[in-house]
>>> print(open('my_file37.csv').read())   # CSV, C-alpha atoms
chain,number,residue,atom,x,y,z
A,7,MET,CA,61.8,84.6,11.3
A,8,PRO,CA,60.9,81.9,13.8
A,9,PRO,CA,57.2,80.9,14.0
A,10,LYS,CA,55.2,82.7,16.6
A,11,LYS,CA,54.3,80.7,19.6
A,12,LYS,CA,50.7,80.0,20.2
A,13,THR,CA,49.2,82.1,23.0
A,14,GLY,CA,46.8,80.7,25.6
A,15,LYS,CA,43.9,82.2,23.7
A,16,ASN,CA,45.0,80.7,20.4
A,17,LYS,CA,45.5,77.2,22.0
A,18,ALA,CA,42.0,77.4,23.5
A,19,ALA,CA,40.6,78.4,20.1
A,20,ALA,CA,42.4,75.4,18.5
A,21,VAL,CA,41.0,73.0,21.1
A,22,GLN,CA,37.5,74.4,20.5
A,23,ARG,CA,37.8,73.9,16.8
A,24,THR,CA,38.9,70.3,17.4
A,25,LEU,CA,35.9,69.7,19.6
A,26,ASN,CA,33.5,71.3,17.1
A,27,ALA,CA,34.9,69.1,14.3
A,28,ALA,CA,34.5,66.0,16.4
A,29,CYS,CA,30.9,66.9,17.4
A,30,CYS,CA,30.1,67.5,13.7
A,31,ALA,CA,31.6,64.0,12.9
A,32,VAL,CA,29.3,62.4,15.4
A,33,ASP,CA,26.3,64.0,13.9
A,34,ALA,CA,27.5,63.2,10.4
A,35,TYR,CA,28.0,59.5,11.3
A,36,ARG,CA,24.5,59.2,12.8
A,37,ALA,CA,23.1,60.9,9.7
A,38,ALA,CA,25.0,58.6,7.4
A,39,CYS,CA,23.7,55.5,9.3
A,40,ARG,CA,20.2,56.8,8.9
A,41,GLN,CA,20.7,57.3,5.2
A,42,HIS,CA,22.0,53.7,4.9
A,43,VAL,CA,19.1,52.5,7.1
A,44,SER,CA,21.4,50.9,9.6
A,45,PRO,CA,22.0,51.3,13.4
A,46,PRO,CA,25.4,52.8,14.2
A,47,CYS,CA,28.4,50.6,14.9
A,48,GLN,CA,28.6,51.2,18.7
A,49,ALA,CA,32.4,50.7,18.8
A,50,LEU,CA,32.9,53.4,16.2
A,51,LEU,CA,30.3,55.7,17.8
A,52,ARG,CA,32.1,55.4,21.2
A,53,GLN,CA,35.4,56.5,19.6
A,54,LEU,CA,33.8,59.5,17.9
A,55,CYS,CA,31.9,60.5,21.0
A,56,ALA,CA,35.1,60.2,23.2
A,57,SER,CA,36.8,62.7,20.9
A,58,ALA,CA,33.8,65.0,21.0
A,59,GLN,CA,33.9,65.0,24.8
A,60,GLY,CA,37.4,66.3,24.8
A,61,ASN,CA,39.5,63.1,25.0
A,62,GLY,CA,41.8,64.2,22.2
A,63,THR,CA,41.7,64.2,18.4
A,64,LEU,CA,40.5,60.9,16.9
A,65,ASP,CA,43.4,60.1,14.6
A,66,ARG,CA,43.0,56.4,14.7
A,67,VAL,CA,39.9,54.2,14.2
A,68,ALA,CA,40.2,50.6,15.4
A,69,LEU,CA,37.4,48.1,15.0
A,70,ASP,CA,36.9,44.4,15.4
A,71,ALA,CA,36.3,43.2,11.9
A,72,ARG,CA,33.3,41.3,12.9
A,73,SER,CA,31.5,44.5,13.7
A,74,ALA,CA,32.5,46.2,10.4
A,75,SER,CA,29.6,45.4,8.0
A,76,ALA,CA,29.5,46.9,4.5
A,77,VAL,CA,26.9,49.4,5.6
A,78,HIS,CA,28.9,50.5,8.6
A,79,LEU,CA,31.9,51.1,6.4
A,80,LYS,CA,30.0,53.1,3.9
A,81,ALA,CA,28.7,55.3,6.7
A,82,LEU,CA,32.2,55.6,8.1
A,83,PHE,CA,33.7,56.8,4.8
A,84,ASP,CA,30.8,59.2,4.3
A,85,THR,CA,31.7,60.6,7.7
A,86,LEU,CA,35.5,60.8,7.0
A,87,SER,CA,34.9,62.7,3.8
A,88,GLY,CA,34.1,65.7,6.0
A,89,TYR,CA,36.3,64.9,9.0
A,90,ALA,CA,40.0,65.4,8.4
A,91,ALA,CA,41.5,64.1,11.7
A,92,VAL,CA,41.7,60.3,11.1
A,93,ARG,CA,45.1,59.0,9.8
A,94,ASN,CA,45.1,55.4,10.9
A,95,LEU,CA,42.5,52.7,10.1
A,96,ALA,CA,42.8,49.3,11.8
A,97,PHE,CA,40.7,46.1,11.7
A,98,TRP,CA,41.4,43.1,13.9
A,99,GLY,CA,40.3,39.6,13.6
A,100,CYS,CA,40.0,39.0,9.9
A,101,ASP,CA,36.2,38.3,10.0
A,102,MET,CA,35.5,40.9,7.4
A,103,ALA,CA,32.8,39.8,5.0
A,104,PRO,CA,33.5,40.0,1.3
A,105,ASP,CA,30.9,42.9,0.8
A,106,ALA,CA,32.5,44.7,3.7
A,107,LEU,CA,36.0,44.4,2.1
A,108,GLU,CA,34.5,45.7,-1.1
A,109,ALA,CA,33.1,48.7,0.7
A,110,LEU,CA,36.4,49.3,2.4
A,111,CYS,CA,38.3,49.3,-0.8
A,112,ALA,CA,35.7,51.5,-2.5
A,113,GLY,CA,36.1,54.0,0.4
A,114,LEU,CA,39.9,54.0,0.2
A,115,ALA,CA,39.8,54.5,-3.6
A,116,ALA,CA,37.4,57.5,-3.1
A,117,MET,CA,39.6,58.9,-0.4
A,118,GLY,CA,42.6,58.9,-2.6
A,119,ARG,CA,41.0,61.0,-5.4
A,120,PRO,CA,41.9,64.7,-5.8
A,121,THR,CA,38.3,65.6,-4.9
A,122,ASN,CA,39.0,64.6,-1.3
A,123,THR,CA,40.1,68.1,-0.1
A,124,ASN,CA,38.4,68.3,3.3
A,125,GLY,CA,38.3,64.7,4.4
A,126,SER,CA,40.6,62.3,6.3
A,127,LYS,CA,43.7,61.0,4.5
A,128,ILE,CA,44.5,57.5,5.7
A,129,ARG,CA,48.3,56.9,6.0
A,130,LEU,CA,48.2,53.5,7.9
A,131,LEU,CA,45.8,50.7,7.0
A,132,SER,CA,45.9,47.5,9.1
A,133,ILE,CA,43.9,44.4,8.4
A,134,ALA,CA,45.4,41.9,10.8
A,135,GLY,CA,44.5,38.4,11.9
A,136,GLU,CA,45.0,38.9,15.6
A,137,TYR,CA,43.5,41.1,18.2
A,138,ALA,CA,45.4,43.9,19.9
A,139,GLY,CA,46.8,42.9,23.3
A,140,SER,CA,49.6,40.7,24.7
A,141,SER,CA,47.6,38.0,26.5
A,142,ALA,CA,47.2,34.6,24.8
A,143,SER,CA,43.4,34.8,25.2
A,144,SER,CA,43.4,38.0,23.1
A,145,LEU,CA,45.0,36.3,20.1
A,146,ARG,CA,43.2,34.3,17.5
A,147,ALA,CA,44.9,32.7,14.5
A,148,ALA,CA,43.5,33.5,11.1
A,149,THR,CA,42.0,30.7,9.0
A,150,PRO,CA,41.3,30.5,5.2
A,151,GLU,CA,37.6,30.9,6.0
A,152,ASN,CA,37.9,34.3,7.7
A,153,ALA,CA,41.2,35.7,6.6
A,154,LEU,CA,42.3,38.1,3.9
A,155,THR,CA,43.0,35.8,0.9
A,156,ARG,CA,43.9,36.3,-2.8
A,157,GLU,CA,40.5,37.9,-3.7
A,158,GLY,CA,40.9,40.5,-1.0
A,159,CYS,CA,44.5,41.2,-2.1
A,160,VAL,CA,43.2,41.9,-5.7
A,161,LEU,CA,40.7,44.4,-4.3
A,162,LEU,CA,43.2,46.1,-2.1
A,163,GLY,CA,45.8,46.3,-4.9
A,164,ARG,CA,43.2,47.9,-7.2
A,165,ALA,CA,42.1,50.4,-4.5
A,166,LEU,CA,45.6,51.5,-3.6
A,167,GLY,CA,47.5,51.2,-6.8
A,168,SER,CA,46.4,49.8,-10.1
A,169,GLY,CA,43.0,51.5,-10.2
A,170,SER,CA,44.2,55.0,-9.2
A,171,PRO,CA,47.4,55.4,-7.3
A,172,HIS,CA,46.6,56.3,-3.7
A,173,PRO,CA,48.5,59.5,-2.7
A,174,TYR,CA,48.4,59.0,1.1
A,175,ILE,CA,48.9,55.4,2.2
A,176,HIS,CA,52.3,55.1,3.9
A,177,THR,CA,52.0,51.8,5.8
A,178,LEU,CA,50.0,48.7,4.9
A,179,GLU,CA,49.8,45.9,7.6
A,180,LEU,CA,48.3,42.6,6.6
A,181,GLU,CA,49.9,40.3,9.2
A,182,ARG,CA,48.5,36.9,10.1
A,183,ASN,CA,46.2,36.4,7.2
A,184,ALA,CA,46.0,33.7,4.5
A,185,VAL,CA,47.5,35.8,1.7
A,186,GLY,CA,49.8,33.1,0.3
A,187,ASP,CA,51.9,33.2,-2.9
A,188,HIS,CA,49.0,34.0,-5.3
A,189,GLY,CA,47.6,36.7,-3.0
A,190,VAL,CA,50.9,38.5,-2.5
A,191,ALA,CA,51.6,38.3,-6.3
A,192,ALA,CA,48.2,40.0,-6.9
A,193,LEU,CA,48.9,42.6,-4.2
A,194,ALA,CA,52.3,43.4,-5.5
A,195,GLU,CA,51.0,43.9,-9.0
A,196,GLY,CA,48.4,46.3,-7.7
A,197,LEU,CA,50.8,48.2,-5.4
A,198,ARG,CA,53.3,48.8,-8.1
A,199,ALA,CA,51.9,52.2,-8.8
A,200,CYS,CA,51.2,53.1,-5.2
A,201,CYS,CA,54.0,55.7,-4.9
A,202,SER,CA,53.2,56.8,-1.4
A,203,LEU,CA,53.7,53.3,0.2
A,204,ARG,CA,56.8,53.0,2.3
A,205,MET,CA,56.2,50.2,4.7
A,206,LEU,CA,54.7,46.7,4.0
A,207,ARG,CA,54.1,44.2,6.8
A,208,LEU,CA,53.2,40.7,5.7
A,209,GLY,CA,54.3,38.6,8.6
A,210,HIS,CA,52.8,35.0,9.0
A,211,ASN,CA,50.9,34.8,5.7
A,212,ALA,CA,52.1,31.4,4.3
A,213,ILE,CA,54.2,33.2,1.7
A,214,GLY,CA,56.8,31.0,0.0
A,215,VAL,CA,59.4,31.3,-2.7
A,216,ALA,CA,57.0,32.5,-5.5
A,217,GLY,CA,55.6,35.2,-3.2
A,218,ALA,CA,59.1,36.4,-2.3
A,219,GLU,CA,60.0,36.6,-6.0
A,220,ALA,CA,56.9,38.7,-6.7
A,221,LEU,CA,57.9,41.1,-3.9
A,222,ALA,CA,61.4,41.2,-5.2
A,223,ALA,CA,60.0,42.3,-8.6
A,224,LEU,CA,58.1,45.0,-6.7
A,225,LEU,CA,61.3,46.3,-5.1
A,226,VAL,CA,63.1,47.0,-8.4
A,227,PRO,CA,62.5,50.5,-9.9
A,228,PRO,CA,61.2,50.5,-13.5
A,229,VAL,CA,63.9,50.6,-16.1
A,230,THR,CA,61.8,51.2,-19.2
A,231,THR,CA,60.4,54.5,-18.0
A,232,PRO,CA,63.0,56.1,-15.7
A,233,GLY,CA,61.4,58.6,-13.3
A,234,ALA,CA,58.0,57.0,-13.5
A,235,ALA,CA,56.0,56.8,-10.3
A,236,TYR,CA,56.4,53.4,-8.5
A,237,CYS,CA,56.2,51.8,-5.1
A,238,ALA,CA,59.4,52.8,-3.4
A,239,LEU,CA,59.2,50.6,-0.4
A,240,GLU,CA,61.6,51.4,2.4
A,241,THR,CA,60.6,48.6,4.9
A,242,LEU,CA,59.5,45.1,4.2
A,243,ASN,CA,58.6,42.6,7.0
A,244,LEU,CA,58.1,39.0,6.1
A,245,GLU,CA,58.4,37.4,9.6
A,246,GLY,CA,57.3,33.8,9.8
A,247,ASN,CA,56.8,33.1,6.1
A,248,PRO,CA,58.6,30.1,4.6
A,249,ILE,CA,60.4,31.9,1.9
A,250,THR,CA,63.5,29.7,2.4
A,251,HIS,CA,67.0,30.3,0.9
A,252,ASP,CA,65.7,30.9,-2.6
A,253,GLY,CA,63.1,33.5,-1.6
A,254,LEU,CA,65.7,35.4,0.5
A,255,ALA,CA,68.2,35.3,-2.4
A,256,ALA,CA,65.6,36.8,-4.8
A,257,LEU,CA,65.0,39.7,-2.3
A,258,LEU,CA,68.8,40.2,-1.9
A,259,ASN,CA,69.3,40.3,-5.7
A,260,ALA,CA,66.6,43.0,-5.9
A,261,LEU,CA,68.6,45.2,-3.6
A,262,ALA,CA,71.4,45.4,-6.1
A,263,LYS,CA,69.1,46.8,-8.8
A,264,GLY,CA,68.5,50.2,-7.4
A,265,SER,CA,65.9,49.3,-4.7
A,266,PRO,CA,65.5,52.0,-2.1
A,267,LEU,CA,64.7,49.4,0.6
A,268,GLN,CA,66.2,50.3,3.9
A,269,ALA,CA,65.0,47.6,6.2
A,270,LEU,CA,64.4,43.9,5.4
A,271,HIS,CA,62.9,41.8,8.2
A,272,ALA,CA,62.9,38.0,7.5
A,273,PRO,CA,63.1,36.3,10.9
A,274,ARG,CA,61.9,32.7,11.2
A,275,CYS,CA,61.6,32.3,7.5
A,276,ALA,CA,62.9,28.7,7.1
A,277,VAL,CA,66.2,29.9,5.6
A,278,ALA,CA,68.8,27.1,5.8
A,279,ARG,CA,72.5,27.7,6.5
A,280,ASP,CA,74.3,28.1,3.2
A,281,ALA,CA,77.7,29.5,2.4
A,282,SER,CA,76.6,30.7,-1.0
A,283,LEU,CA,73.8,32.7,0.6
A,284,MET,CA,76.4,34.4,2.9
A,285,ARG,CA,78.5,35.3,-0.1
A,286,LEU,CA,75.5,36.7,-1.8
A,287,LEU,CA,74.6,38.7,1.3
A,288,ALA,CA,78.1,40.1,1.6
A,289,ALA,CA,78.0,41.1,-2.1
A,290,ARG,CA,74.7,42.9,-1.7
A,291,PHE,CA,75.9,44.8,1.4
A,292,GLU,CA,78.5,46.4,-0.9
A,293,ALA,CA,76.1,47.0,-3.7
A,294,CYS,CA,73.1,48.5,-1.8
A,295,GLU,CA,73.8,51.7,0.0
A,296,ALA,CA,70.2,52.1,1.1
A,297,LEU,CA,70.0,49.1,3.4
A,298,VAL,CA,70.5,50.0,7.0
A,299,ALA,CA,68.7,47.1,8.8
A,300,LEU,CA,68.6,43.4,8.2
A,301,ASP,CA,66.9,40.8,10.5
A,302,LEU,CA,67.5,37.1,9.8
A,303,ASP,CA,67.0,35.9,13.4
A,304,GLY,CA,65.3,32.6,14.0
A,305,ASN,CA,66.5,30.9,10.9
A,306,ALA,CA,69.1,28.1,10.7
A,307,PRO,CA,72.0,29.1,13.0
A,308,LEU,CA,75.2,30.5,11.4
A,309,ARG,CA,78.6,29.4,12.5
A,310,GLU,CA,81.9,31.2,13.0
A,311,GLU,CA,83.0,30.8,9.4
A,312,ASP,CA,79.7,32.1,8.1
A,313,VAL,CA,79.8,35.2,10.2
A,314,ALA,CA,83.5,35.7,9.4
A,315,LEU,CA,82.6,35.7,5.7
A,316,LEU,CA,80.0,38.4,6.2
A,317,LEU,CA,81.9,40.6,8.7
A,318,PRO,CA,84.2,42.5,6.3
A,319,ALA,CA,81.2,43.5,4.1
A,320,ALA,CA,79.3,44.6,7.2
A,321,LYS,CA,82.2,46.7,8.3
A,322,ALA,CA,82.3,48.3,4.9
A,323,ARG,CA,78.6,49.3,5.1
A,324,LYS,CA,79.0,52.6,7.0
A,325,GLY,CA,75.3,53.1,7.3
A,326,LEU,CA,74.3,49.7,8.7
A,327,GLN,CA,72.5,50.2,12.0
A,328,MET,CA,70.8,46.8,12.7
A,329,LEU,CA,72.0,43.3,11.9
A,330,ARG,CA,70.3,40.4,13.6
A,331,LEU,CA,71.7,37.0,12.7
A,332,PRO,CA,71.0,33.5,14.1
A,333,MET,CA,74.4,32.7,15.5
A,334,ARG,CA,75.5,29.5,17.4
A,335,GLY,CA,79.0,28.7,18.5
A,336,VAL,CA,80.2,32.1,17.4
A,337,SER,CA,83.1,33.6,19.4
A,338,ARG,CA,82.7,36.5,21.6
A,339,GLU,CA,85.2,38.4,19.5
A,340,THR,CA,83.2,38.0,16.3
A,341,SER,CA,79.8,38.8,17.9
A,342,GLY,CA,81.4,41.7,19.7
A,343,ALA,CA,82.8,43.1,16.4
A,344,ILE,CA,79.3,43.2,15.0
A,345,THR,CA,78.0,45.0,18.0
A,346,THR,CA,80.8,47.5,17.9
A,347,LEU,CA,80.4,48.5,14.3
A,348,LEU,CA,76.6,48.9,14.7
A,349,LEU,CA,77.1,51.1,17.7
A,350,ALA,CA,79.6,53.2,15.8
A,351,ASN,CA,77.3,53.7,12.9
A,352,VAL,CA,74.4,54.7,15.2
A,353,LYS,CA,76.6,57.3,16.9
A,354,LYS,CA,77.7,58.7,13.5
A,355,LYS,CA,74.1,59.1,12.5
A,356,GLY,CA,73.4,61.0,15.7
A,357,LYS,CA,76.0,63.6,14.9
A,358,PRO,CA,74.7,67.0,13.6
>>> encode(input="my_file37.csv", output="structure tokens")
Amino acid sequence: MPPKKKTGKNKAAAVQRTLNAACCAVDAYRAACRQHVSPPCQALLRQLCASAQGNGTLDRVALDARSASAVHLKALFDTLSGYAAVRNLAFWGCDMAPDALEALCAGLAAMGRPTNTNGSKIRLLSIAGEYAGSSASSLRAATPENALTREGCVLLGRALGSGSPHPYIHTLELERNAVGDHGVAALAEGLRACCSLRMLRLGHNAIGVAGAEALAALLVPPVTTPGAAYCALETLNLEGNPITHDGLAALLNALAKGSPLQALHAPRCAVARDASLMRLLAARFEACEALVALDLDGNAPLREEDVALLLPAAKARKGLQMLRLPMRGVSRETSGAITTLLLANVKKKGKP
């Protein structure tokens, strides 16, 4: 039987329950701040109060990292343990103090335990080195002094994976930090057991070949214990990292080893034009049925002969829906052939 439609009375009752929960969250946050002997974080209090005043469910908490002290975060997670609405947690600016990051990771670890039955279950965590907004004045580049570095990656990996696998985190965004090769290696090691993670965004983090190789190892399913829980990433974004030809080759090789990765974004990654790389990419297209999107734009321009080498393999990939290549001097016929096959695949997917 089809589900019964909500009547006007039921909708009103649901709205009232949402408002009551938000009002309780405001009271709980103020009480938690008093318990931790700290004034409330005004930015967070405004978001909670807006929800309590009928401005919709608070499913996303976004804070400037400079205002997120350790005490504020402890009070926040105390509140979220009894308020189930929040799904996304975002911090902008990368000025998070070490003790605040420790408090964040401790709160995330507690949230992932089976005892968290009535609280929020964070699915998206963002710790980014830029502020939200499109204007140039709203952006600030991360520096090693205020960005998420290797030590922070160790804490995050432990909170989400190696300590106790987090059952809810779906997306992790750490763009524009100072993660580097050592940091991403530590993060990958910790995330190996985070079986809920599907999207990892690491754009502009000074990740090189060694970091790409660590991520490639993360993409490969375990062979010693088949069926064991592991991090089955579906989307990986490495925009603006100098992984070069060797790093991209390591990632492509991982695709042929049973990786479930569906989308690989590596634009502006200092990848040089190389015929051997094109041959490897063509081979991986045939070997990896999961891959449906590949973005290599902004790297060394490809020529007609490079794209011609790749085109037959791309045509054979019936599920390919996005292919962005840095092309220069490529004929309209060749570029049009790529567009045609992508449009055909998208239309096939749309069929019932």
>>> atom_distance(input="my_file37.csv", atom1="CA of Ala218 (chain A)", atom2="CA of Ala235 (chain A)")
22.1 Å
>>> closest_residue(input="my_file37.csv", among="A:Arg290, A:His210, A:Lys80, A:Arg52", to="Ala184 (chain A)", atoms="only C-alpha atoms")
A:His210
>>> residues_around(input="my_file37.csv", residues="Gly125 (chain A)", least_positions_apart="6", cutoff="10 Å", atoms="only C-alpha atoms", output="PyMOL selection string")
chain A and resi 83-92+117
>>> residues_around(input="my_file37.csv", residues="Arg40 (chain A)", least_positions_apart="5", cutoff="12 Å", atoms="only C-alpha atoms", output="mmCIF file with C-alpha atoms, keeping the file's coordinate frame")
data_model
loop_
_atom_site.group_PDB
_atom_site.id
_atom_site.type_symbol
_atom_site.label_atom_id
_atom_site.label_comp_id
_atom_site.auth_asym_id
_atom_site.auth_seq_id
_atom_site.Cartn_x
_atom_site.Cartn_y
_atom_site.Cartn_z
ATOM 1 C CA ASP A 33 26.300 64.000 13.900
ATOM 2 C CA ALA A 34 27.500 63.200 10.400
ATOM 3 C CA TYR A 35 28.000 59.500 11.300
ATOM 4 C CA PRO A 45 22.000 51.300 13.400
ATOM 5 C CA PRO A 46 25.400 52.800 14.200
ATOM 6 C CA CYS A 47 28.400 50.600 14.900
ATOM 7 C CA VAL A 77 26.900 49.400 5.600
ATOM 8 C CA HIS A 78 28.900 50.500 8.600
ATOM 9 C CA LYS A 80 30.000 53.100 3.900
ATOM 10 C CA ALA A 81 28.700 55.300 6.700
ATOM 11 C CA ASP A 84 30.800 59.200 4.300
#
>>> closest_residue(input="my_file37.csv", among="A:Pro248, A:Gly253, A:Gly335, A:Arg285", to="Asn305 (chain A)", atoms="all atoms listed in the file")
A:Pro248
>>> atom_distance(input="my_file37.csv", atom1="CA of Thr63 (chain A)", atom2="CA of Ala96 (chain A)")
16.3 Å
>>> atom_distance(input="my_file37.csv", atom1="CA of Arg274 (chain A)", atom2="CA of Gly304 (chain A)")
4.4 Å
>>> residues_around(input="my_file37.csv", residues="region 339-349 of chain A", least_positions_apart="4", cutoff="7 Å", atoms="all atoms listed in the file", output="JSON, numbers by chain")
{"A": [321, 326, 327, 328, 353]}
>>> closest_residue(input="my_file37.csv", among="A:Ser126, A:Glu157, A:Gly325, A:Leu162", to="Ala109 (chain A)", atoms="all atoms listed in the file")
A:Leu162
>>> residues_near_point(input="my_file37.csv", point="(54.4, 49.1, 8.6)", cutoff="6 Å", atoms="only C-alpha atoms", output="mmCIF file with C-alpha atoms, keeping the file's coordinate frame")
data_model
loop_
_atom_site.group_PDB
_atom_site.id
_atom_site.type_symbol
_atom_site.label_atom_id
_atom_site.label_comp_id
_atom_site.auth_asym_id
_atom_site.auth_seq_id
_atom_site.Cartn_x
_atom_site.Cartn_y
_atom_site.Cartn_z
ATOM 1 C CA THR A 177 52.000 51.800 5.800
ATOM 2 C CA LEU A 178 50.000 48.700 4.900
ATOM 3 C CA GLU A 179 49.800 45.900 7.600
ATOM 4 C CA MET A 205 56.200 50.200 4.700
ATOM 5 C CA LEU A 206 54.700 46.700 4.000
ATOM 6 C CA ARG A 207 54.100 44.200 6.800
#
>>> closest_residue(input="my_file37.csv", among="A:Ala276, A:Ala134, A:Ala319, A:Ala194", to="Ala71 (chain A)", atoms="all atoms listed in the file")
A:Ala134
>>> closest_residue(input="my_file37.csv", among="A:Leu193, A:Leu244, A:Ala260, A:Ala76", to="Ala223 (chain A)", atoms="only C-alpha atoms")
A:Ala260
